[in-house]
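**Q** Here you go, one structure.
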Amino acid sequence: MVPGSLPVMFAGLPEVTDIGGLLDVVDGVLLTGARANVHPTRFGVEPCAAHEPYDEGRDCVALTLVEACVAKGVPVFGVCRGLQAINVFSGGTL
């Protein structure tokens with residue numbers, strides 16, 4: 001962690017996450033990994049039990065957050081599932 005920095009955690013629940021407010025107070029966003037994959041319908045593929053679990057609430061927050069970061073010029077970095085979200089937002093598949 002950078003001296004003087006303060007990490008801020010936010011919920012992966014779209015009904016309680018204020019993305020605009022979040023981006024007003026951060027210098028960058030780190031989207032972390034998780035057990036759940038991005039839901040296949042987000043990139044035009046039918047779901048498959050072999051790739052479960054999914055977390056559609058987190059998908060909504062992550063993809064909306066990536067879009068907002070790009071629009072506002074806020075740096076965003078993804079690890080594991082976070083990179084899946086960035087990739088899918090950019091038109092990629094898994």
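In the structure tokens, chains take the letters A, B, ... in the order shown, each chain's residues start at 1, and ligands count up from 1 in the order shown.
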Please provide the set of residues having any atom within 12 Å of Leu83 (chain A), restricted to only C-alpha atoms, with same-chain residues fewer than 3 positions apart removed, written as a PyMOL selection string.
**A** chain A and resi 29-34+37-38+59+62-63+66+76-80+86-90+92-94
**Q** Env of Val61 (chain A): 10 Å cut, atoms = only C-alpha atoms, seq-sep filter 5 positions within chain, self excluded. Answer as a list in words.
**A** Phe10, Ala11, Gly12, Leu13, Pro14, Glu15, Val16, Thr17, Asp18, Ile19, Glu56, Val66, Glu67 and Ala85 of chain A
**Q** Write down as a PyMOL selection string the residues belonging to region 18-81 of chain A that are assigned helix (DSSP H, G or I) by DSSP computed on the backbone.
**A** chain A and resi 19-24+40-43+49-51+56-72+81
**Q** Smallest atom-to-atom distance to Ala68 (chain A): which of A:Gly4, A:Gly44, A:Met9, A:Leu22, using only C-alpha atoms?
**A**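 Counting only C-alpha atoms, the residue closest to Ala68 (chain A) is A:Leu22.
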